[in-house]
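A.B. asks: My structure is in input.cif, and what it holds is mmCIF, C-alpha atoms:
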data_work
#
loop_
_atom_site.group_PDB
_atom_site.id
_atom_site.type_symbol
_atom_site.label_atom_id
_atom_site.label_comp_id
_atom_site.auth_asym_id
_atom_site.auth_seq_id
_atom_site.Cartn_x
_atom_site.Cartn_y
_atom_site.Cartn_z
ATOM 1 C CA MET A 1 3.373 -12.703 -16.993
ATOM 2 C CA ASN A 2 4.109 -16.395 -16.674
ATOM 3 C CA LEU A 3 7.632 -15.496 -15.535
ATOM 4 C CA LEU A 4 6.201 -13.238 -12.818
ATOM 5 C CA LYS A 5 3.897 -16.043 -11.694
ATOM 6 C CA LYS A 6 6.906 -18.372 -11.459
ATOM 7 C CA VAL A 7 9.070 -15.877 -9.580
ATOM 8 C CA ILE A 8 6.376 -14.555 -7.210
ATOM 9 C CA SER A 9 3.794 -17.050 -6.064
ATOM 10 C CA GLN A 10 0.255 -16.014 -5.235
ATOM 11 C CA ARG A 11 0.960 -16.961 -1.614
ATOM 12 C CA LEU A 12 4.114 -14.821 -1.456
ATOM 13 C CA ALA A 13 2.306 -11.832 -2.974
ATOM 14 C CA THR A 14 -0.620 -12.258 -0.569
ATOM 15 C CA LEU A 15 1.534 -12.637 2.533
ATOM 16 C CA GLY A 16 3.792 -9.807 1.348
ATOM 17 C CA LEU A 17 0.831 -7.466 0.931
ATOM 18 C CA LEU A 18 -0.770 -8.438 4.253
ATOM 19 C CA THR A 19 2.538 -7.959 6.064
ATOM 20 C CA LEU A 20 3.428 -4.677 4.384
ATOM 21 C CA PHE A 21 -0.053 -3.206 4.874
ATOM 22 C CA SER A 22 0.034 -4.172 8.548
ATOM 23 C CA LEU A 23 3.458 -2.575 8.995
ATOM 24 C CA VAL A 24 2.422 0.544 7.087
ATOM 25 C CA ILE A 25 -0.667 0.925 9.275
ATOM 26 C CA VAL A 26 1.466 0.652 12.427
ATOM 27 C CA PHE A 27 3.892 3.178 10.936
ATOM 28 C CA HIS A 28 1.116 5.678 10.218
ATOM 29 C CA ILE A 29 -0.333 5.221 13.704
ATOM 30 C CA LEU A 30 3.118 6.045 15.092
ATOM 31 C CA VAL A 31 3.166 9.175 12.922
ATOM 32 C CA LEU A 32 -0.341 10.056 14.114
ATOM 33 C CA VAL A 33 0.656 9.814 17.784
ATOM 34 C CA GLN A 34 3.856 11.707 16.928
ATOM 35 C CA VAL A 35 6.345 8.994 17.828
ATOM 36 C CA ILE A 36 7.629 9.417 14.264
ATOM 37 C CA PRO A 37 7.900 12.985 12.918
ATOM 38 C CA TYR A 38 5.340 13.792 10.233
ATOM 39 C CA LYS A 39 7.937 15.670 8.187
ATOM 40 C CA ILE A 40 9.049 12.332 6.706
ATOM 41 C CA VAL A 41 5.644 11.474 5.180
ATOM 42 C CA TRP A 42 3.476 12.942 2.425
ATOM 43 C CA GLY A 43 6.497 14.144 0.514
ATOM 44 C CA GLY A 44 7.607 16.295 3.452
ATOM 45 C CA ARG A 45 4.889 18.790 2.574
ATOM 46 C CA LEU A 46 2.690 18.681 5.706
ATOM 47 C CA GLU A 47 2.742 22.045 7.436
ATOM 48 C CA ASN A 48 0.917 21.512 10.750
ATOM 49 C CA ASP A 49 -0.615 18.996 13.140
ATOM 50 C CA MET A 50 -4.125 19.378 11.703
ATOM 51 C CA GLN A 51 -2.937 18.509 8.195
ATOM 52 C CA MET A 52 -1.029 15.561 9.622
ATOM 53 C CA ILE A 53 -4.123 14.235 11.423
ATOM 54 C CA GLN A 54 -6.246 14.525 8.285
ATOM 55 C CA PHE A 55 -3.722 12.964 5.927
ATOM 56 C CA GLU A 56 -2.690 10.206 8.319
ATOM 57 C CA GLY A 57 -6.346 9.372 8.944
ATOM 58 C CA ILE A 58 -6.874 9.023 5.197
ATOM 59 C CA SER A 59 -3.745 6.910 4.871
ATOM 60 C CA ILE A 60 -4.724 4.561 7.700
ATOM 61 C CA ALA A 61 -8.256 4.182 6.300
ATOM 62 C CA LEU A 62 -7.001 3.419 2.775
ATOM 63 C CA ASN A 63 -4.466 0.907 4.045
ATOM 64 C CA LEU A 64 -7.140 -0.820 6.145
ATOM 65 C CA ILE A 65 -9.391 -1.043 3.072
ATOM 66 C CA MET A 66 -6.568 -2.504 0.978
ATOM 67 C CA LEU A 67 -5.637 -4.921 3.775
ATOM 68 C CA ALA A 68 -9.260 -6.079 3.889
ATOM 69 C CA LEU A 69 -9.353 -6.394 0.095
ATOM 70 C CA VAL A 70 -6.315 -8.685 0.089
ATOM 71 C CA ALA A 71 -7.709 -10.653 3.037
ATOM 72 C CA ILE A 72 -10.989 -11.157 1.141
ATOM 73 C CA TYR A 73 -9.114 -12.054 -2.053
ATOM 74 C CA SER A 74 -7.074 -14.676 -0.232
ATOM 75 C CA GLY A 75 -10.000 -16.111 1.727
ATOM 76 C CA TYR A 76 -8.716 -15.019 5.144
ATOM 77 C CA LEU A 77 -11.782 -12.783 5.429
ATOM 78 C CA LYS A 78 -14.959 -14.640 4.475
ATOM 79 C CA TRP A 79 -16.961 -11.710 3.093
ATOM 80 C CA GLU A 80 -19.106 -12.342 0.047
ATOM 81 C CA ILE A 81 -18.054 -9.753 -2.526
ATOM 82 C CA ASN A 82 -18.275 -10.188 -6.274
ATOM 83 C CA ARG A 83 -14.897 -11.380 -7.555
ATOM 84 C CA ARG A 84 -14.930 -8.723 -10.282
ATOM 85 C CA TRP A 85 -14.961 -5.976 -7.618
ATOM 86 C CA ILE A 86 -12.033 -7.616 -5.874
ATOM 87 C CA GLN A 87 -10.151 -7.852 -9.183
ATOM 88 C CA LEU A 88 -10.927 -4.196 -9.952
ATOM 89 C CA GLY A 89 -9.652 -3.277 -6.491
ATOM 90 C CA MET A 90 -6.391 -5.075 -7.197
ATOM 91 C CA TRP A 91 -5.907 -3.141 -10.441
ATOM 92 C CA ILE A 92 -6.666 0.132 -8.645
ATOM 93 C CA MET A 93 -4.004 -0.802 -6.086
ATOM 94 C CA VAL A 94 -1.487 -1.434 -8.883
ATOM 95 C CA ALA A 95 -2.149 2.020 -10.329
ATOM 96 C CA LEU A 96 -2.124 3.695 -6.921
ATOM 97 C CA PHE A 97 1.196 2.147 -5.908
ATOM 98 C CA LEU A 98 2.847 2.882 -9.250
ATOM 99 C CA LEU A 99 1.795 6.535 -8.947
ATOM 100 C CA ASN A 100 2.908 6.563 -5.319
ATOM 101 C CA THR A 101 6.296 5.147 -6.335
ATOM 102 C CA VAL A 102 6.778 7.962 -8.842
ATOM 103 C CA GLY A 103 5.661 10.497 -6.228
ATOM 104 C CA ASN A 104 8.116 9.094 -3.695
ATOM 105 C CA LEU A 105 10.945 9.526 -6.191
ATOM 106 C CA PHE A 106 10.226 13.270 -6.123
ATOM 107 C CA ALA A 107 9.770 13.569 -2.358
ATOM 108 C CA ILE A 108 11.493 16.399 -0.545
ATOM 109 C CA ASN A 109 13.067 14.211 2.115
ATOM 110 C CA ASP A 110 15.443 11.296 1.704
ATOM 111 C CA TRP A 111 13.428 8.929 3.916
ATOM 112 C CA GLU A 112 10.545 8.900 1.533
ATOM 113 C CA ARG A 113 12.759 8.733 -1.529
ATOM 114 C CA TRP A 114 15.068 5.913 -0.385
ATOM 115 C CA ILE A 115 12.892 3.890 2.026
ATOM 116 C CA PHE A 116 9.326 4.279 0.793
ATOM 117 C CA THR A 117 10.002 4.169 -2.957
ATOM 118 C CA PRO A 118 11.098 0.506 -2.882
ATOM 119 C CA ILE A 119 8.228 -0.369 -0.522
ATOM 120 C CA THR A 120 5.574 1.161 -2.774
ATOM 121 C CA PHE A 121 7.178 -0.473 -5.810
ATOM 122 C CA LEU A 122 7.042 -3.845 -4.049
ATOM 123 C CA LEU A 123 3.384 -3.198 -3.156
ATOM 124 C CA ALA A 124 2.732 -2.464 -6.853
ATOM 125 C CA VAL A 125 4.446 -5.693 -7.951
ATOM 126 C CA PHE A 126 2.617 -7.831 -5.367
ATOM 127 C CA SER A 127 -0.705 -6.177 -6.265
ATOM 128 C CA PHE A 128 -0.017 -6.774 -9.964
ATOM 129 C CA ARG A 129 0.748 -10.424 -9.240
ATOM 130 C CA LEU A 130 -2.672 -10.868 -7.626
ATOM 131 C CA ALA A 131 -4.450 -8.720 -10.229
ATOM 132 C CA ILE A 132 -3.333 -10.979 -13.098
ATOM 133 C CA ASP A 133 -4.757 -14.106 -11.447
ATOM 134 C CA LYS A 134 -8.094 -15.399 -12.613
#
Kindly present the structure from the file in structure tokens form.
C.D. replies:
Amino acid sequence: MNLLKKVISQRLATLGLLTLFSLVIVFHILVLVQVIPYKIVWGGRLENDMQMIQFEGISIALNLIMLALVAIYSGYLKWEINRRWIQLGMWIMVALFLLNTVGNLFAINDWERWIFTPITFLLAVFSFRLAIDK
């Protein structure tokens, strides 16, 4: 863990997460307004516009929550939340992104497999870096 802390600073992990979450939210908004086809998200398993709206809404909401969590963790957002809840949130993010990485490996389309797998893995690593801090 000390090696990870030397290789990836807390600042790099924080800025990486804030940047990636922001970009992911923009991406999902573009899917929602159909600038980007929804066949390349959710493992290529969405069957209609209604499913896309529901799943993209969930995705945007979750990414906004995680963005806020990192912003609170880093002090950019000055909300008073017990540090243990923030730490728990970081560990939940680690688990979520590791599972998402595995899911992306088995996606039907190549976009998700080759583009989103490394992104979710990076999100898992950055989240882990913050989760191990005291």
A.B. asks: Residues within 10 Å of (-8.0, -2.6, -7.2), file coordinates, counting all atoms listed in the file: what are they? Give the list as a list in words.
C.D. replies: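 Residues close enough to count: Met66, Leu69, Val70, Arg84, Trp85, Ile86, Gln87, Leu88, Gly89, Met90, Trp91, Ile92, Met93, Val94, Ala95, Leu96, Ser127, Phe128, Leu130 and Ala131 of chain A.
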A.B. asks: Rounded to one decimal, what separation in Å do you get between CA of Gly43 (chain A) and CA of Ala107 (chain A)?
C.D. replies: 4.4 Å
A.B. asks: Write out as a ChimeraX atom specification which residues come within 8 Å of region 44-47 of chain A when counting only C-alpha atoms, dropping same-chain ones fewer than 5 positions away.
C.D. replies: /A:38-39,52,107-109
A.B. asks: Mind giving me the straight-line distance from CA of Lys6 (chain A) to CA of Leu20 (chain A) in Å, one decimal?
C.D. replies: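 So the two atoms, CA of Lys6 (chain A) and CA of Leu20 (chain A), lie 21.2 Å apart.
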A.B. asks: Translate the PyMOL selection byres ((chain A and resi 100-106) around 10) into a concrete residue list for this structure, as a CSV table (one decimal) with C-alpha atoms, keeping the file's coordinate frame.
C.D. replies:
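File written: part.csv
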chain,number,residue,atom,x,y,z
A,41,VAL,CA,5.6,11.5,5.2
A,42,TRP,CA,3.5,12.9,2.4
A,43,GLY,CA,6.5,14.1,0.5
A,94,VAL,CA,-1.5,-1.4,-8.9
A,95,ALA,CA,-2.1,2.0,-10.3
A,96,LEU,CA,-2.1,3.7,-6.9
A,97,PHE,CA,1.2,2.1,-5.9
A,98,LEU,CA,2.8,2.9,-9.2
A,99,LEU,CA,1.8,6.5,-8.9
A,107,ALA,CA,9.8,13.6,-2.4
A,108,ILE,CA,11.5,16.4,-0.5
A,109,ASN,CA,13.1,14.2,2.1
A,110,ASP,CA,15.4,11.3,1.7
A,111,TRP,CA,13.4,8.9,3.9
A,112,GLU,CA,10.5,8.9,1.5
A,113,ARG,CA,12.8,8.7,-1.5
A,114,TRP,CA,15.1,5.9,-0.4
A,115,ILE,CA,12.9,3.9,2.0
A,116,PHE,CA,9.3,4.3,0.8
A,117,THR,CA,10.0,4.2,-3.0
A,118,PRO,CA,11.1,0.5,-2.9
A,119,ILE,CA,8.2,-0.4,-0.5
A,120,THR,CA,5.6,1.2,-2.8
A,121,PHE,CA,7.2,-0.5,-5.8
A,122,LEU,CA,7.0,-3.8,-4.0
A,123,LEU,CA,3.4,-3.2,-3.2
A,124,ALA,CA,2.7,-2.5,-6.9
A.B. asks: For the provided coordinates, the residues matched by the PyMOL selection byres ((chain A and resi 9) around 12) should be stated as a list of chain:residue names.
C.D. replies: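 Output of the PyMOL selection byres ((chain A and resi 9) around 12): A:Met1, A:Asn2, A:Leu3, A:Leu4, A:Lys5, A:Lys6, A:Val7, A:Ile8, A:Gln10, A:Arg11, A:Leu12, A:Ala13, A:Thr14, A:Leu15, A:Gly16, A:Val125, A:Phe126, A:Ser127, A:Phe128, A:Arg129, A:Leu130, A:Ile132, A:Asp133.
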A.B. asks: Please produce an output containing C-alpha atoms for each residue in the selection, written as a PDB file, in the frame of the given file.
C.D. replies:
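Writing the result to out-v1.pdb gives the following:
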ATOM      1  CA  MET A   1       3.373 -12.703 -16.993  1.00  0.00           C
ATOM      2  CA  ASN A   2       4.109 -16.395 -16.674  1.00  0.00           C
ATOM      3  CA  LEU A   3       7.632 -15.496 -15.535  1.00  0.00           C
ATOM      4  CA  LEU A   4       6.201 -13.238 -12.818  1.00  0.00           C
ATOM      5  CA  LYS A   5       3.897 -16.043 -11.694  1.00  0.00           C
ATOM      6  CA  LYS A   6       6.906 -18.372 -11.459  1.00  0.00           C
ATOM      7  CA  VAL A   7       9.070 -15.877  -9.580  1.00  0.00           C
ATOM      8  CA  ILE A   8       6.376 -14.555  -7.210  1.00  0.00           C
ATOM      9  CA  GLN A  10       0.255 -16.014  -5.235  1.00  0.00           C
ATOM     10  CA  ARG A  11       0.960 -16.961  -1.614  1.00  0.00           C
ATOM     11  CA  LEU A  12       4.114 -14.821  -1.456  1.00  0.00           C
ATOM     12  CA  ALA A  13       2.306 -11.832  -2.974  1.00  0.00           C
ATOM     13  CA  THR A  14      -0.620 -12.258  -0.569  1.00  0.00           C
ATOM     14  CA  LEU A  15       1.534 -12.637   2.533  1.00  0.00           C
ATOM     15  CA  GLY A  16       3.792  -9.807   1.348  1.00  0.00           C
ATOM     16  CA  VAL A 125       4.446  -5.693  -7.951  1.00  0.00           C
ATOM     17  CA  PHE A 126       2.617  -7.831  -5.367  1.00  0.00           C
ATOM     18  CA  SER A 127      -0.705  -6.177  -6.265  1.00  0.00           C
ATOM     19  CA  PHE A 128      -0.017  -6.774  -9.964  1.00  0.00           C
ATOM     20  CA  ARG A 129       0.748 -10.424  -9.240  1.00  0.00           C
ATOM     21  CA  LEU A 130      -2.672 -10.868  -7.626  1.00  0.00           C
ATOM     22  CA  ILE A 132      -3.333 -10.979 -13.098  1.00  0.00           C
ATOM     23  CA  ASP A 133      -4.757 -14.106 -11.447  1.00  0.00           C
TER      24      ASP A 133
END
A.B. asks: Counting all atoms listed in the file, which of A:Phe55, A:Lys134, A:Leu18, A:Gln34 gets nearest to Leu67 (chain A)?
C.D. replies: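 Among A:Phe55, A:Lys134, A:Leu18, A:Gln34, it is A:Leu18 that comes nearest to Leu67 (chain A).
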A.B. asks: Show which residues sit within 12 Å of Phe27 (chain A), as a tab-separated table (two decimals) with C-alpha atoms, keeping the file's coordinate frame. Count only C-alpha atoms, and ignore same-chain residues fewer than 2 positions away.
C.D. replies:
chain	number	residue	atom	x	y	z
A	20	LEU	CA	3.43	-4.68	4.38
A	21	PHE	CA	-0.05	-3.21	4.87
A	22	SER	CA	0.03	-4.17	8.55
A	23	LEU	CA	3.46	-2.58	8.99
A	24	VAL	CA	2.42	0.54	7.09
A	25	ILE	CA	-0.67	0.92	9.28
A	29	ILE	CA	-0.33	5.22	13.70
A	30	LEU	CA	3.12	6.04	15.09
A	31	VAL	CA	3.17	9.18	12.92
A	32	LEU	CA	-0.34	10.06	14.11
A	33	VAL	CA	0.66	9.81	17.78
A	34	GLN	CA	3.86	11.71	16.93
A	35	VAL	CA	6.34	8.99	17.83
A	36	ILE	CA	7.63	9.42	14.26
A	37	PRO	CA	7.90	12.98	12.92
A	38	TYR	CA	5.34	13.79	10.23
A	40	ILE	CA	9.05	12.33	6.71
A	41	VAL	CA	5.64	11.47	5.18
A	56	GLU	CA	-2.69	10.21	8.32
A	59	SER	CA	-3.74	6.91	4.87
A	60	ILE	CA	-4.72	4.56	7.70
A	63	ASN	CA	-4.47	0.91	4.04
A	116	PHE	CA	9.33	4.28	0.79
A.B. asks: Nearest to Leu62 (chain A) among A:Ser74, A:Glu80, A:His28, A:Asp49, with distances taken over all atoms listed in the file: which residue is it?
C.D. replies: A:His28
A.B. asks: What's the separation between CA of Tyr73 (chain A) and CA of Thr19 (chain A), in Å to one decimal place?
C.D. replies: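 CA of Thr19 (chain A) lies at a distance of 14.8 Å from CA of Tyr73 (chain A).
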